[in-house]
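Participant: Pasting a structure here, questions to come.
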2 protein chains.
Amino acid sequence: MNSSASTKERILTSAEALFAQRGFEGASLRQLTAAAGVNLAAVNYHFGSKEKLVEEVFKRRLDQLSARRLAALKQVAGQPETTLEDILAAFIRPALDLSHDGGGGLFMRVLARAFAEHDDSLRKFLSENYGHVMRQFTTEFARLLPHLSKEELYWRIDLVTGALTHAMSGFGIIQRKSDVSETTHREQTAAHLIRFSAAGLSAP
Amino acid sequence: MNSSASTKERILTSAEALFAQRGFEGASLRQLTAAAGVNLAAVNYHFGSKEKLVEEVFKRRLDQLSARRLAALKQVAGQPETTLEDILAAFIRPALDLSHDGGGGLFMRVLARAFAEHDDSLRKFLSENYGHVMRQFTTEFARLLPHLSKEELYWRIDLVTGALTHAMSGFGIIQRKSDVSETTHREQTAAHLIRFSAAGLSAP
DNA sequence: AAGGAAATCAAACGATCGTTTGAGCCTACA
DNA sequence: TGTAGGCTCAAACGATCGTTTGATTTCCTT
């Protein structure tokens with residue numbers, strides 16, 4: 001393992017990968033610390049408990065994702081020439097980009113898994129810490145889709161989120177072919193998601 | 001627990017509920033058998049192992065789901081007056097209906113969770129046992145969407161599946177309000193999904 | 001260089017996991 | 001009614017889990 005990084009960082013990186021592969025319950029601290037090349041007790045020393053470690057893994061990536069989404073949204077929000085596709089790109093592209101840099105690709109599987117685990121405390125955590133991001137996007141969507149009722153809009157944004165999560169979790173039938181670069185595949189995924197979502201959101 | 005059902009049935013029912021709540025690794029055989037009101041050893045006696053039990057839980061519901069989907073599709077497939085919404089309804093409604101009868105609602109959380117766990121053996125299992133169902137639906141979609149390339153069509157069906165899975169897993173922001181009956185809420189969910197998906201599939 | 005806090009380490013803790021065992025129960029068939 | 005076989009039961013198995021301990025090492029400050 002990367003011995004130049006700090007023990008804490010190495011634990012976080014290995015934890016993200018192992019949680020994605022085996023789940024939160026399936027990944028043991030012994031596997032995790034062995035992969036990171038650190039002592040077993042280091043997790044409890046640096047994070048307090050396994051549960052706190054899970055929270056840190058989430059926080060590290062979600063903070064990154066939210067910042068990038070808001071930065072992208074800021075460049076197009078409120079402007080009269082902004083299209084629905086622009087807003088969707090600001091929502092979708094930062095998420096897909098996490099798959100590329102810093103090995104954060106595995107995080108999306110972690111997130112998809114956490115969604116499926118349907119934990120109410122996670123729901124609360126997401127709502128409290130990142131609800132304002134969704135609120136800003138919802139405001140922009142509402143501006144561009146004035147014919148939709150609030151409930152109708154909530155529903156459709158939720159379905160876009162579902163499609164995005166599913167695509168990111170990589171479970172679908174669409175697999176990257178060996179003759180397509182990762183960057184190209186990600187760009188194609190974004191294009192498909194944006195086109196599909198824009199049409200779905202615009203449904204009469 | 002329902003003491004009239006057989007031990008095997010009681011185990012399957014409790015397993016489905018507990019797997020949905022706590023995951024496959026999180027739900028222990030001791031919790032499971034206690035909830036079912038049967039002896040701990042009954043699982044290994046009747047199913048052989050915990051893993052085999054998981055497979056049985058899947059098979060029981062997926063066989064049901066596939067049969068209902070194909071039955072619904074059969075009534076509209078190939079007919080000239082069939083709309084995209086009809087095909088989508090045959091795809092979506094049986095899945096949502098599982099939430100209603102036989103306590104199968106929890107199963108969809110199990111399935112969503114399994115999707116997120118991203119197990120290759122599960123992917124193979126689904127493809128081998130239920131791939132023909134998706135193939136029949138794809139054929140119908142292709143008939144009604146002749147302007148789409150094969151790859152484009154696969155992508156969009158995949159995104160529909162994502163939206164459906166997300167909605168069924170119940171994690172989204174949309175929660176059933178207490179003054180809306182379960183039946184009504186399900187009908188609204190189906191309507192939103194069908195309208196959104198039809199527009200998404202029909203995107204230029 | 002000395003001292004002390006921070007970090008790492010091997011080892012062990014109690015709890016819980018899936019599974020197995022072997023004795024007993026119940027039921028159906030002779 | 002006797003008995004074989006499917007089934008249930010309490011109990012225990014070894015393995016692994018997250019966590020804690022106390023000694024030791026590392027590193028920074030004075």
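Each chain in the structure tokens gets a letter, A, B and so on, in the order shown; residues start at 1 in every chain, and ligands are counted from 1 in the order they appear.
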Got a sec: who's within 9 Å of DC9 (chain C), counting only C-alpha atoms (C1' of nucleotides), leaving out chain neighbours fewer than 2 positions off, as a VMD selection string?

Facilitator: (chain A and resid 39 41) or (chain D and resid 23 to 25)

Participant: Based on only C-alpha atoms (C1' of nucleotides), which of the residues in chain A come within 12 Å of chain C? I want them as a PDB file with N, CA and C atoms, in the first residue's frame.

Facilitator:
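So the final result, stored in selection.pdb, reads:
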```
ATOM      1  N   SER A   6      -0.597   9.098   5.113  1.00  0.00           N
ATOM      2  CA  SER A   6      -0.733   8.884   6.545  1.00  0.00           C
ATOM      3  C   SER A   6      -1.574   7.647   6.817  1.00  0.00           C
ATOM      4  N   THR A   7      -1.463   7.141   8.028  1.00  0.00           N
ATOM      5  CA  THR A   7      -2.236   5.962   8.420  1.00  0.00           C
ATOM      6  C   THR A   7      -3.722   6.204   8.241  1.00  0.00           C
ATOM      7  N   LYS A   8      -4.168   7.363   8.649  1.00  0.00           N
ATOM      8  CA  LYS A   8      -5.594   7.685   8.512  1.00  0.00           C
ATOM      9  C   LYS A   8      -6.049   7.646   7.060  1.00  0.00           C
ATOM     10  N   GLY A  37      -2.136  -1.976   5.222  1.00  0.00           N
ATOM     11  CA  GLY A  37      -0.800  -2.122   5.775  1.00  0.00           C
ATOM     12  C   GLY A  37      -0.627  -1.444   7.115  1.00  0.00           C
ATOM     13  N   VAL A  38      -1.695  -1.416   7.902  1.00  0.00           N
ATOM     14  CA  VAL A  38      -1.619  -0.789   9.231  1.00  0.00           C
ATOM     15  C   VAL A  38      -2.104  -1.788  10.276  1.00  0.00           C
ATOM     16  N   ASN A  39      -1.872  -1.451  11.521  1.00  0.00           N
ATOM     17  CA  ASN A  39      -2.265  -2.341  12.597  1.00  0.00           C
ATOM     18  C   ASN A  39      -3.775  -2.338  12.801  1.00  0.00           C
ATOM     19  N   LEU A  40      -4.273  -3.487  13.265  1.00  0.00           N
ATOM     20  CA  LEU A  40      -5.714  -3.620  13.473  1.00  0.00           C
ATOM     21  C   LEU A  40      -6.282  -2.548  14.394  1.00  0.00           C
ATOM     22  N   ALA A  41      -5.537  -2.235  15.438  1.00  0.00           N
ATOM     23  CA  ALA A  41      -6.045  -1.298  16.434  1.00  0.00           C
ATOM     24  C   ALA A  41      -6.082   0.141  15.927  1.00  0.00           C
ATOM     25  N   ALA A  42      -5.457   0.380  14.782  1.00  0.00           N
ATOM     26  CA  ALA A  42      -5.360   1.751  14.291  1.00  0.00           C
ATOM     27  C   ALA A  42      -6.726   2.353  13.971  1.00  0.00           C
ATOM     28  N   VAL A  43      -7.664   1.511  13.553  1.00  0.00           N
ATOM     29  CA  VAL A  43      -8.998   2.023  13.216  1.00  0.00           C
ATOM     30  C   VAL A  43      -9.664   2.612  14.453  1.00  0.00           C
ATOM     31  N   TYR A  45      -8.231   3.513  17.108  1.00  0.00           N
ATOM     32  CA  TYR A  45      -7.424   4.619  17.634  1.00  0.00           C
ATOM     33  C   TYR A  45      -7.730   5.917  16.891  1.00  0.00           C
ATOM     34  N   HIS A  46      -7.790   5.836  15.588  1.00  0.00           N
ATOM     35  CA  HIS A  46      -7.931   7.061  14.795  1.00  0.00           C
ATOM     36  C   HIS A  46      -9.386   7.475  14.570  1.00  0.00           C
TER      37      HIS A  46
END
```

Participant: Find the residues around Gly26 (chain B) up to 7 Å (only C-alpha atoms (C1' of nucleotides) counted), leave out those fewer than 3 positions away in its own chain, and share them as a PyMOL selection string.

Facilitator: (chain A and resi 25) or (chain B and resi 22-23)

Participant: Could you list the residues in chain D lying within 10 Å of chain A, using only C-alpha atoms (C1' of nucleotides), and format the result as a list in words?

Facilitator: DT16, DC17, DG18, DT19 and DT20 of chain D

Participant: Could you jot down the CA of Ala89 (chain B) to CA of Ile194 (chain A) separation for me, Å, one decimal place?

Facilitator: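 These atoms are spaced 23.5 Å apart.
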
Participant: Assign secondary structure with DSSP using the backbone only, and return the residues of chain A in alpha helix (DSSP H) as a PyMOL selection string.

Facilitator: chain A and resi 7-26+29-36+42-47+50-74+84-97+105-117+120-144+150-169+182-201

Participant: Hey, can you check how far CA of Leu65 (chain B) sits from CA of Met108 (chain B)?

Facilitator: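 Between CA of Leu65 (chain B) and CA of Met108 (chain B) the gap works out to 10.6 Å.
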
Participant: Could you check how far CA of Gln64 (chain B) sits from CA of Leu98 (chain B), in Å to one decimal?

Facilitator: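 These atoms are spaced 8.7 Å apart.
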
Participant: Counting only C-alpha atoms, figure out which residue out of A:Thr183, A:Ser14, A:Thr82, A:Ser197 gets nearest to chain B.

Facilitator: A:Ser197

Participant: Measuring between only C-alpha atoms, which one of B:Arg195, B:Lys74, B:Arg69, B:Arg61 shows the shortest distance to chain A?

Facilitator: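 Using only C-alpha atoms, the shortest distance to chain A belongs to B:Arg195.
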
Participant: Hey, what's within 10 Å of Leu122 (chain B) if we count only C-alpha atoms (C1' of nucleotides) and toss same-chain stuff fewer than 6 positions away? As a list of chain:residue names, please?

Facilitator: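 The contact residues come out as B:Glu55, B:Phe58, B:Ala114, B:Phe115, B:Glu128.
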
Participant: Got time to write the residues from that selection, C-alpha atoms, as a PDB file, in the first residue's frame?

Facilitator:
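Written file, selection04.pdb:
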```pdb
ATOM      1  CA  GLU B  55     -31.174 -18.093  -3.322  1.00  0.00           C
ATOM      2  CA  PHE B  58     -34.806 -14.687  -4.561  1.00  0.00           C
ATOM      3  CA  ALA B 114     -28.640  -7.175  -4.070  1.00  0.00           C
ATOM      4  CA  PHE B 115     -28.232  -4.903  -7.066  1.00  0.00           C
ATOM      5  CA  GLU B 128     -29.531 -17.051 -16.901  1.00  0.00           C
TER       6      GLU B 128
END
```

Participant: Give me the residues near Gln188 (chain B) as a compact mmCIF listing (two decimals) with C-alpha atoms, in the first residue's frame, where near means some atom within 12 Å (using only C-alpha atoms (C1' of nucleotides)) and where sequence neighbours in that chain fewer than 3 positions away do not count.

Facilitator:
```
# COMPACT_ATOMS: atom_id res chain seq x y z
CA GLU A 151 -45.06 17.17 -6.20
CA GLU A 152 -44.67 16.20 -9.82
CA TRP A 155 -41.13 12.76 -8.23
CA ARG B 93 -46.92 -2.64 -12.45
CA LEU B 96 -44.91 -2.53 -7.74
CA ALA B 167 -38.65 4.02 -6.58
CA ILE B 174 -41.16 10.72 -1.86
CA GLN B 175 -42.74 9.02 1.09
CA ARG B 176 -46.29 7.83 1.32
CA VAL B 180 -53.00 8.20 1.24
CA SER B 181 -53.78 4.51 1.10
CA GLU B 182 -51.08 2.10 0.06
CA THR B 183 -53.03 1.19 -3.05
CA THR B 184 -53.39 4.81 -4.06
CA HIS B 185 -49.75 5.54 -3.45
CA ALA B 191 -48.30 6.62 -13.08
CA HIS B 192 -45.25 8.79 -12.43
CA LEU B 193 -42.86 6.05 -13.47
CA ILE B 194 -44.71 5.29 -16.67
CA ARG B 195 -45.02 8.92 -17.72
```
